[in-house]
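File shown: run.txt (compact mmCIF, C-alpha atoms and all ligand atoms).
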# COMPACT_ATOMS: atom_id res chain seq x y z
CA MET A 176 0.00 0.00 0.00
CA HIS A 177 2.89 2.36 0.71
CA ALA A 178 4.88 1.59 -2.41
CA ARG A 179 4.44 5.15 -3.65
CA ILE A 180 6.60 6.49 -0.87
CA GLU A 181 9.22 3.76 -0.90
CA GLN A 182 9.74 4.31 -4.62
CA ALA A 183 10.18 8.01 -4.06
CA ALA A 184 13.89 7.97 -3.31
CA MET A 185 14.08 11.64 -4.29
CA PRO A 186 15.75 14.24 -2.11
CA HIS A 187 13.50 15.67 0.60
CA ASP A 188 12.89 19.07 -1.03
CA GLU A 189 12.23 17.60 -4.44
CA ALA A 190 9.80 15.03 -3.01
CA GLY A 191 7.99 17.87 -1.20
CA GLU A 192 7.71 19.96 -4.38
CA SER A 193 6.48 16.99 -6.35
CA PHE A 194 3.77 16.19 -3.77
CA PHE A 195 2.78 19.87 -3.67
CA ARG A 196 2.34 19.90 -7.47
CA GLU A 197 0.25 16.73 -7.28
CA LEU A 198 -2.08 18.31 -4.70
CA VAL A 199 -2.42 21.44 -6.86
CA GLU A 200 -3.09 19.44 -10.05
CA HIS A 201 -5.92 17.60 -8.32
CA GLY A 202 -7.49 20.81 -7.04
CA LEU A 203 -6.85 19.86 -3.42
CA ILE A 204 -4.81 22.93 -2.60
CA ILE A 205 -4.62 26.35 -4.23
CA PRO A 206 -1.18 27.95 -4.24
CA SER A 207 -0.44 31.59 -3.41
CA GLN A 208 2.61 33.81 -3.90
CA VAL A 209 3.69 33.21 -0.29
CA ASP A 210 5.35 29.99 0.84
CA GLY A 211 3.28 28.09 3.37
CA VAL A 212 0.02 29.92 2.59
CA VAL A 213 -2.45 27.99 0.44
CA GLY A 214 -6.16 27.74 -0.20
CA ARG A 215 -7.96 24.45 0.24
CA GLY A 216 -10.16 22.91 -2.45
CA ALA A 217 -13.67 21.66 -1.70
CA ARG A 218 -12.67 17.98 -1.73
CA PHE A 219 -9.81 18.69 0.65
CA GLU A 220 -12.24 20.45 3.00
CA GLU A 221 -14.73 17.63 2.78
CA VAL A 222 -12.16 15.11 3.96
CA LEU A 223 -10.99 17.50 6.69
CA ASN A 224 -14.53 17.95 7.99
CA ARG A 225 -15.20 14.22 7.84
CA PHE A 226 -12.05 13.45 9.81
CA ASP A 227 -13.08 16.12 12.32
CA ALA A 228 -16.50 14.49 12.68
CA LEU A 229 -14.78 11.14 13.28
CA VAL A 230 -12.74 12.63 16.15
CA LEU A 231 -15.87 14.23 17.59
CA ARG A 232 -17.69 10.88 17.56
CA SER A 233 -15.19 9.58 20.16
CA ASP A 234 -16.42 9.42 23.77
CA ASP A 235 -14.46 12.52 24.77
CA GLY A 236 -15.51 14.31 21.58
CA GLN A 237 -19.13 13.83 22.59
CA ARG A 238 -18.68 14.64 26.28
CA ALA A 239 -16.39 17.66 25.99
CA GLU A 240 -17.50 21.27 26.16
CA ALA A 241 -17.06 22.74 22.68
CA PRO A 242 -16.45 26.49 22.58
CA MET A 243 -15.09 28.33 19.53
CA PHE A 244 -12.50 31.12 19.53
CA PRO A 245 -11.33 33.42 16.74
CA PRO A 246 -7.85 33.07 15.22
CA VAL A 247 -6.63 36.18 17.06
CA ILE A 248 -6.05 36.17 20.81
CA GLU A 249 -5.30 38.77 23.46
CA ARG A 250 -1.66 39.84 23.27
CA ARG A 251 -1.36 39.53 27.05
CA ILE A 252 -1.81 35.74 26.77
CA LEU A 253 1.54 35.44 24.95
CA GLU A 254 3.11 37.83 27.43
CA LYS A 255 1.88 35.91 30.49
CA LEU A 256 3.12 32.64 29.01
CA HIS A 257 6.55 34.11 28.16
CA TYR A 258 6.00 32.90 24.61
CA LEU A 259 8.51 35.40 23.26
CA ASP A 260 11.24 33.97 25.51
CA THR A 261 10.99 30.63 23.73
CA PHE A 262 9.31 31.15 20.33
CA PRO A 263 10.04 34.73 19.17
CA HIS A 264 10.69 33.43 15.65
CA LEU A 265 7.19 31.94 15.26
CA CYS A 266 5.15 34.84 16.59
CA GLY A 267 2.61 36.67 14.43
CA SER A 268 1.62 40.03 15.89
CA VAL A 269 -1.20 42.17 14.53
CA HIS A 270 -0.27 45.78 13.88
CA SER A 271 -2.55 48.54 12.65
CA PHE A 272 -2.57 52.23 11.78
CA PHE A 273 -3.19 54.79 14.53
CA GLY A 274 -1.86 57.96 12.85
CA ASP A 275 -3.20 61.26 11.52
CA PRO A 276 -4.14 62.07 7.90
CA ARG A 277 -0.60 63.19 7.06
CA GLN A 278 0.81 59.87 8.27
CA ALA A 279 -1.95 58.00 6.45
CA LEU A 280 -0.87 59.62 3.20
CA ARG A 281 2.73 58.56 3.82
CA LEU A 282 1.61 55.00 4.58
CA ALA A 283 -0.45 54.76 1.38
CA THR A 284 2.31 56.31 -0.73
CA ARG A 285 4.91 53.89 0.58
CA ALA A 286 2.62 50.91 -0.07
CA ARG A 287 1.80 52.13 -3.59
CA GLN A 288 5.48 52.55 -4.39
CA GLY A 289 6.29 49.04 -3.22
CA GLU A 290 8.29 50.28 -0.23
CA ARG A 291 8.12 48.71 3.22
CA TRP A 292 5.38 50.33 5.31
CA GLY A 293 5.49 48.36 8.58
CA GLU A 294 7.14 51.25 10.45
CA GLU A 295 3.95 53.29 9.97
CA LEU A 296 1.98 50.79 12.08
CA GLU A 297 1.65 50.26 15.80
CA GLN A 298 1.08 47.14 17.84
CA THR A 299 -2.56 46.28 18.63
CA ASP A 300 -3.94 44.31 21.58
CA VAL A 301 -4.13 41.10 19.55
CA VAL A 302 -1.75 38.52 18.13
CA LEU A 303 -2.43 35.53 15.89
CA ALA A 304 -3.06 32.41 17.97
CA PRO A 305 0.05 30.20 17.83
CA ALA A 306 -1.95 27.25 19.18
CA ALA A 307 -5.67 26.59 19.09
CA CYS A 308 -5.93 26.01 22.85
CA TYR A 309 -4.29 29.26 24.04
CA PRO A 310 -7.48 31.37 24.26
CA LEU A 311 -9.08 28.74 26.49
CA TYR A 312 -6.82 28.88 29.57
CA PRO A 313 -7.56 32.45 30.78
CA THR A 314 -11.27 31.54 30.72
CA LEU A 315 -10.63 28.71 33.21
CA ALA A 316 -9.26 31.00 35.94
CA GLY A 317 -10.59 30.18 39.40
CA VAL A 318 -11.64 26.90 40.97
CA LEU A 319 -12.43 23.95 38.69
CA PRO A 320 -15.35 21.59 39.31
CA PRO A 321 -14.29 18.41 41.22
CA GLN A 322 -13.94 16.39 38.01
CA GLY A 323 -11.89 19.11 36.28
CA ARG A 324 -12.71 20.28 32.75
CA LEU A 325 -12.71 18.54 29.38
CA VAL A 326 -12.87 20.83 26.37
CA THR A 327 -12.56 20.38 22.62
CA LEU A 328 -12.11 23.07 20.00
CA ILE A 329 -10.90 23.54 16.49
CA GLY A 330 -8.90 26.63 15.68
CA TRP A 331 -6.46 28.24 13.28
CA ALA A 332 -2.85 28.38 14.43
CA TYR A 333 -0.22 30.71 12.99
CA ARG A 334 3.53 30.01 12.94
CA HIS A 335 5.93 32.22 11.05
CA GLU A 336 7.88 29.50 9.31
CA PRO A 337 7.54 30.10 5.56
CA SER A 338 8.45 26.89 3.77
CA ARG A 339 7.88 25.24 0.41
CA GLU A 340 7.27 21.97 2.19
CA PRO A 341 3.56 21.25 1.62
CA THR A 342 2.97 20.01 5.16
CA ARG A 343 4.60 23.05 6.79
CA MET A 344 2.01 25.80 6.58
CA GLN A 345 2.04 29.21 8.18
CA SER A 346 -1.66 29.00 8.97
CA PHE A 347 -3.44 25.72 9.65
CA ARG A 348 -6.19 24.15 11.72
CA VAL A 349 -5.82 21.97 14.78
CA ARG A 350 -8.59 19.96 16.45
CA GLU A 351 -7.66 19.91 20.08
CA ILE A 352 -8.95 18.12 23.14
CA ILE A 353 -7.86 19.64 26.44
CA ARG A 354 -8.01 18.14 29.91
CA VAL A 355 -7.54 20.27 33.01
CA GLY A 356 -7.59 18.91 36.56
CA ASP A 357 -5.38 17.23 39.16
CA PRO A 358 -1.99 15.88 38.01
CA ASP A 359 -2.90 12.16 38.08
CA THR A 360 -6.13 12.61 36.13
CA VAL A 361 -4.43 14.72 33.49
CA LEU A 362 -1.47 12.35 33.02
CA ALA A 363 -3.71 9.26 32.80
CA TRP A 364 -5.91 11.06 30.28
CA ARG A 365 -2.94 12.02 28.10
CA ASP A 366 -1.63 8.44 28.11
CA ALA A 367 -5.05 6.98 27.28
CA TRP A 368 -5.41 9.33 24.30
CA HIS A 369 -1.95 8.47 23.08
CA VAL A 370 -3.26 4.93 22.51
CA ARG A 371 -6.67 6.07 21.26
CA ALA A 372 -5.25 8.44 18.66
CA ARG A 373 -2.85 5.78 17.39
CA ASP A 374 -5.74 3.35 16.99
CA LEU A 375 -7.77 6.00 15.18
CA LEU A 376 -5.04 6.84 12.66
CA ASP A 377 -4.17 3.17 12.26
CA ALA A 378 -7.81 2.39 11.45
CA LEU A 379 -7.56 5.00 8.69
CA GLY A 380 -4.79 2.95 7.07
CA LEU A 381 -1.97 5.35 7.90
CA PRO A 382 1.47 3.89 8.71
CA ILE A 383 2.16 5.57 12.04
CA VAL A 384 5.26 6.04 14.14
CA SER A 385 5.09 7.35 17.70
CA GLU A 386 7.95 9.48 19.02
CA VAL A 387 8.94 11.47 22.08
CA ALA A 388 9.26 14.99 20.67
CA SER A 389 10.19 18.55 21.54
CA ASP A 390 8.96 21.98 20.49
CA PRO A 391 11.02 24.15 18.10
CA PHE A 392 12.43 26.43 20.85
CA PHE A 393 14.51 29.39 19.74
CA GLY A 394 18.29 29.63 19.85
CA ARG A 395 20.94 28.00 22.02
CA GLY A 396 18.89 28.16 25.21
CA GLY A 397 16.16 26.46 23.22
CA MET A 398 18.28 23.36 22.69
CA MET A 399 18.45 22.86 26.45
CA LEU A 400 14.71 23.41 26.82
CA ALA A 401 14.10 20.84 24.09
CA GLN A 402 16.34 18.31 25.84
CA SER A 403 14.64 18.69 29.20
CA GLN A 404 11.20 18.53 27.52
CA LYS A 405 12.24 15.24 25.91
CA ALA A 406 13.74 13.84 29.10
CA ALA A 407 10.51 14.52 30.99
CA LYS A 408 8.47 13.02 28.09
CA LEU A 409 6.19 16.06 28.07
CA LYS A 410 5.51 15.84 24.35
CA PHE A 411 4.71 12.89 22.10
CA GLU A 412 3.99 12.96 18.40
CA ILE A 413 2.35 10.51 16.09
CA GLN A 414 4.09 10.79 12.76
CA VAL A 415 3.20 9.54 9.30
CA PRO A 416 5.49 9.55 6.27
CA ILE A 417 3.75 11.87 3.82
CA PHE A 418 6.17 12.69 1.04
CA ASP A 419 9.43 11.39 2.50
CA ALA A 420 9.66 7.93 4.07
CA ALA A 421 12.84 8.92 5.90
CA GLN A 422 11.33 12.04 7.48
CA PRO A 423 7.78 11.39 8.64
CA THR A 424 5.53 14.32 9.49
CA ALA A 425 3.84 14.85 12.87
CA VAL A 426 0.05 14.61 12.44
CA CYS A 427 -0.93 14.51 16.10
CA SER A 428 0.82 15.74 19.22
CA PHE A 429 0.23 15.26 22.93
CA ASN A 430 1.46 17.92 25.30
CA LEU A 431 1.65 17.65 29.04
CA HIS A 432 1.85 21.23 30.33
CA GLN A 433 2.06 20.28 34.01
CA ASP A 434 1.18 23.48 35.95
CA HIS A 435 2.36 25.93 33.23
CA PHE A 436 -1.12 27.25 32.36
CA GLY A 437 -2.53 26.64 35.84
CA LYS A 438 0.10 28.96 37.34
CA ALA A 439 -0.06 31.60 34.60
CA PHE A 440 -3.86 31.95 34.78
CA ASP A 441 -4.55 30.96 38.39
CA ILE A 442 -6.51 27.80 37.64
CA ARG A 443 -7.06 25.71 40.77
CA THR A 444 -8.49 22.28 41.47
CA ALA A 445 -11.44 21.86 43.85
CA ASP A 446 -9.00 21.05 46.69
CA GLY A 447 -7.05 24.26 46.13
CA GLN A 448 -3.98 22.96 44.23
CA VAL A 449 -2.63 24.57 41.05
CA ALA A 450 -4.34 22.72 38.20
CA HIS A 451 -2.40 20.69 35.68
CA SER A 452 -3.34 20.49 32.01
CA ALA A 453 -2.64 18.52 28.86
CA CYS A 454 -3.85 18.82 25.30
CA LEU A 455 -3.75 16.78 22.17
CA GLY A 456 -4.00 18.25 18.72
CA PHE A 457 -4.60 16.75 15.31
CA GLY A 458 -2.91 18.78 12.57
CA MET A 459 -5.95 18.71 10.31
CA GLU A 460 -4.33 19.63 7.00
CA ARG A 461 -1.55 17.13 7.62
CA VAL A 462 -3.98 14.30 8.36
CA VAL A 463 -5.84 15.10 5.14
CA MET A 464 -2.61 15.19 3.12
CA ALA A 465 -1.56 11.86 4.64
CA LEU A 466 -4.89 10.32 3.61
CA PHE A 467 -4.58 11.54 0.01
CA ARG A 468 -0.96 10.42 -0.11
CA HIS A 469 -1.59 6.91 1.13
CA HIS A 470 -4.98 6.20 -0.45
CA GLY A 471 -4.72 8.15 -3.70
CA MET A 472 -6.09 11.40 -5.04
CA GLN A 473 -9.62 10.05 -5.67
CA THR A 474 -11.62 9.49 -2.50
CA ASP A 475 -13.98 7.11 -4.37
CA ASP A 476 -11.07 4.70 -4.72
CA TRP A 477 -10.08 4.72 -1.03
CA PRO A 478 -10.23 1.38 0.85
CA ALA A 479 -13.73 0.44 1.95
CA ALA A 480 -12.74 0.32 5.64
CA VAL A 481 -11.40 3.88 5.48
CA ARG A 482 -14.46 5.13 3.61
CA ALA A 483 -16.73 3.47 6.17
CA LEU A 484 -15.12 5.52 8.94
CA LEU A 485 -15.17 8.82 7.10
CA TRP A 486 -18.50 8.40 5.27
CA PRO A 487 -20.46 6.47 7.92
ZN ZN B 1 -3.00 22.74 22.90
Represent the supplied structure as structure tokens.
Ligand code: ZN
Amino acid sequence: MHARIEQAAMPHDEAGESFFRELVEHGLIIPSQVDGVVGRGARFEEVLNRFDALVLRSDDGQRAEAPMFPPVIERRILEKLHYLDTFPHLCGSVHSFFGDPRQALRLATRARQGERWGEELEQTDVVLAPAACYPLYPTLAGVLPPQGRLVTLIGWAYRHEPSREPTRMQSFRVREIIRVGDPDTVLAWRDAWHVRARDLLDALGLPIVSEVASDPFFGRGGMMLAQSQKAAKLKFEIQVPIFDAAQPTAVCSFNLHQDHFGKAFDIRTADGQVAHSACLGFGMERVVMALFRHHGMQTDDWPAAVRALLWP
């Protein structure tokens, strides 16, 4: 079934470009002039929504609270989490124009003449959400119910990492499930989902690999953070080879935050302890790309067992 990838002994970049072209030719993605920013075709979206529905049919998907947040979040959330200490290179900040008519004319003239015009703008109170779950935590401030909270949401995440690699987008959706409560409950929940998510992706005919992983922290200090994150097994990824058998792509990640969000936003358990949290996220576009890669560009031809799950 995976012969397509094993045959593709092309260099990584070339294999990525070739897969990108294939997706474009089949109308699944719509390229733009900016690397890592693409439109999605209707068939791509249909598969994405059907996979999302499959996740939501799980027990937790049905039980969880399901709020929705916009793709911009309060700037103070990044500040409270010290996001810029660790991921300054990924941040997307929203700036706007606050000036007078004279400055407005200068802004418009610069833009018209193809000059840079960012200096004419000022920082606003919002940034692009770097993770779908970030807007949730401030809303949990205070004392949790005895059983903690279980929440699911889908949201757009922004990461400033322009790349021609089709699976590395600047703006993409993540379906997350988030558990907040006492440390034992949260850890057991994360471990149970690690198995559940593997079973789910396996049932969809995807060749999965599970790895202890780390976040792409910035700079030299970041290497140490990544090592300690790995040593404490705070992050796992489920990876699937998409266009390069040697370098599989993470399609789902599990993050144990310990008391990081509980401390930052004063979230407490019913017995007064700082709450722990964990989340899992399916990279929706990556799952969809993996499905098209492994089952072919025509969904009608996908294996019956896979179709039965997605088109129940
Ligand atoms: Zn999350």
For A:Ser193, which residue among A:Leu431, A:Ala217, A:Leu325, A:Ile417 is the nearest when counting only C-alpha atoms?
A:Ile417
Return as CSV the residues of chain A lying at most 10 Å from ligand ZN 1 (chain B), together with the closest atom-to-atom pair for each and the distance in Å to one decimal, counting all atoms listed in the file, with rows in chain order and ascending residue number.
residue,atom,partner,partner_atom,distance
A:Pro305,CA,B:ZN1,ZN,9.5
A:Ala306,CA,B:ZN1,ZN,5.9
A:Ala307,CA,B:ZN1,ZN,6.0
A:Cys308,CA,B:ZN1,ZN,4.4
A:Tyr309,CA,B:ZN1,ZN,6.7
A:Pro310,CA,B:ZN1,ZN,9.8
A:Leu311,CA,B:ZN1,ZN,9.3
A:Tyr312,CA,B:ZN1,ZN,9.8
A:Thr327,CA,B:ZN1,ZN,9.9
A:Leu328,CA,B:ZN1,ZN,9.6
A:Val349,CA,B:ZN1,ZN,8.6
A:Arg350,CA,B:ZN1,ZN,9.0
A:Glu351,CA,B:ZN1,ZN,6.1
A:Ile352,CA,B:ZN1,ZN,7.5
A:Ile353,CA,B:ZN1,ZN,6.8
A:Arg354,CA,B:ZN1,ZN,9.8
A:Ser428,CA,B:ZN1,ZN,8.8
A:Phe429,CA,B:ZN1,ZN,8.1
A:Asn430,CA,B:ZN1,ZN,7.0
A:Leu431,CA,B:ZN1,ZN,9.2
A:His432,CA,B:ZN1,ZN,9.0
A:Ser452,CA,B:ZN1,ZN,9.4
A:Ala453,CA,B:ZN1,ZN,7.3
A:Cys454,CA,B:ZN1,ZN,4.7
A:Leu455,CA,B:ZN1,ZN,6.1
A:Gly456,CA,B:ZN1,ZN,6.2
A:Phe457,CA,B:ZN1,ZN,9.8
Among listed residues A:Gly274, A:Asp359, A:Gly323, A:Phe244, nearest A:Leu303 (using all atoms listed in the file)
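Closest to A:Leu303, using all atoms listed in the file: A:Phe244.
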Of the listed residues A:Gln402, A:Ser233, A:Ser338, A:Ser385, that which approaches A:Asp210 most closely, counting all atoms listed in the file
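Using all atoms listed in the file, A:Asp210 sits closest to A:Ser338.
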Rank nothing, just name the residue among A:Arg339, A:Gly267, A:Glu290, A:Arg324 nearest to A:Ala304, using only C-alpha atoms.
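Closest to A:Ala304 of all the choices is A:Gly267.
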Taking all atoms listed in the file into account, which of A:Val462, A:Leu265, A:Met243, A:Met344 comes nearest A:Gly211?
A:Met344
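Ranking A:Arg395, A:His469, A:His435, A:Arg250 by their shortest atom-to-atom distance to A:His270, with all atoms listed in the file included, puts A:Arg250 first.
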Env of A:Gly317: 7 Å cut, atoms = only C-alpha atoms, seq-sep filter 5 positions within chain, self excluded. Answer as a VMD selection string.
chain A and resid 441 to 443
All residues 10 Å or closer to A:Arg251, all atoms listed in the file, same chain fewer than 3 positions away omitted, as an mmCIF file with C-alpha atoms, in the frame of the given file:
data_model
loop_
_atom_site.group_PDB
_atom_site.id
_atom_site.type_symbol
_atom_site.label_atom_id
_atom_site.label_comp_id
_atom_site.auth_asym_id
_atom_site.auth_seq_id
_atom_site.Cartn_x
_atom_site.Cartn_y
_atom_site.Cartn_z
ATOM 1 C CA ILE A 248 -6.050 36.170 20.810
ATOM 2 C CA GLU A 254 3.110 37.830 27.430
ATOM 3 C CA LYS A 255 1.880 35.910 30.490
ATOM 4 C CA LEU A 256 3.120 32.640 29.010
ATOM 5 C CA HIS A 257 6.550 34.110 28.160
ATOM 6 C CA ASP A 300 -3.940 44.310 21.580
ATOM 7 C CA VAL A 301 -4.130 41.100 19.550
ATOM 8 C CA VAL A 302 -1.750 38.520 18.130
#
Would you compute the distance between atom CA of A:Pro358 and atom CA of A:Met459? Give it in Å to one decimal.
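For atom CA of A:Pro358 relative to atom CA of A:Met459, the distance reads 28.1 Å.
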Which neighbours of A:Gly191 fall inside 7 Å, counting only C-alpha atoms, when residues of the same chain fewer than 4 positions from it are skipped, and could you give them as a ChimeraX atom specification?
/A:187,195,340-341,418
d(atom CA of A:Pro321, atom CA of A:Lys408) in Å:
26.8 Å
For atom CA of A:Ser346 and atom CA of A:Tyr333, quote the distance in Å rounded to one decimal.
4.6 Å
Near-stretch 470-480 of chain A list (9 Å; all atoms listed in the file; drop same-chain fewer than 2 positions) as a CSV table (one decimal) with C-alpha atoms, in the frame of the given file:
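Saved the output as around_25.csv:
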chain,number,residue,atom,x,y,z
A,176,MET,CA,0.0,0.0,0.0
A,177,HIS,CA,2.9,2.4,0.7
A,197,GLU,CA,0.2,16.7,-7.3
A,198,LEU,CA,-2.1,18.3,-4.7
A,201,HIS,CA,-5.9,17.6,-8.3
A,203,LEU,CA,-6.8,19.9,-3.4
A,218,ARG,CA,-12.7,18.0,-1.7
A,222,VAL,CA,-12.2,15.1,4.0
A,378,ALA,CA,-7.8,2.4,11.4
A,379,LEU,CA,-7.6,5.0,8.7
A,380,GLY,CA,-4.8,3.0,7.1
A,381,LEU,CA,-2.0,5.4,7.9
A,465,ALA,CA,-1.6,11.9,4.6
A,466,LEU,CA,-4.9,10.3,3.6
A,467,PHE,CA,-4.6,11.5,0.0
A,468,ARG,CA,-1.0,10.4,-0.1
A,482,ARG,CA,-14.5,5.1,3.6
A,483,ALA,CA,-16.7,3.5,6.2
A,484,LEU,CA,-15.1,5.5,8.9
A,485,LEU,CA,-15.2,8.8,7.1
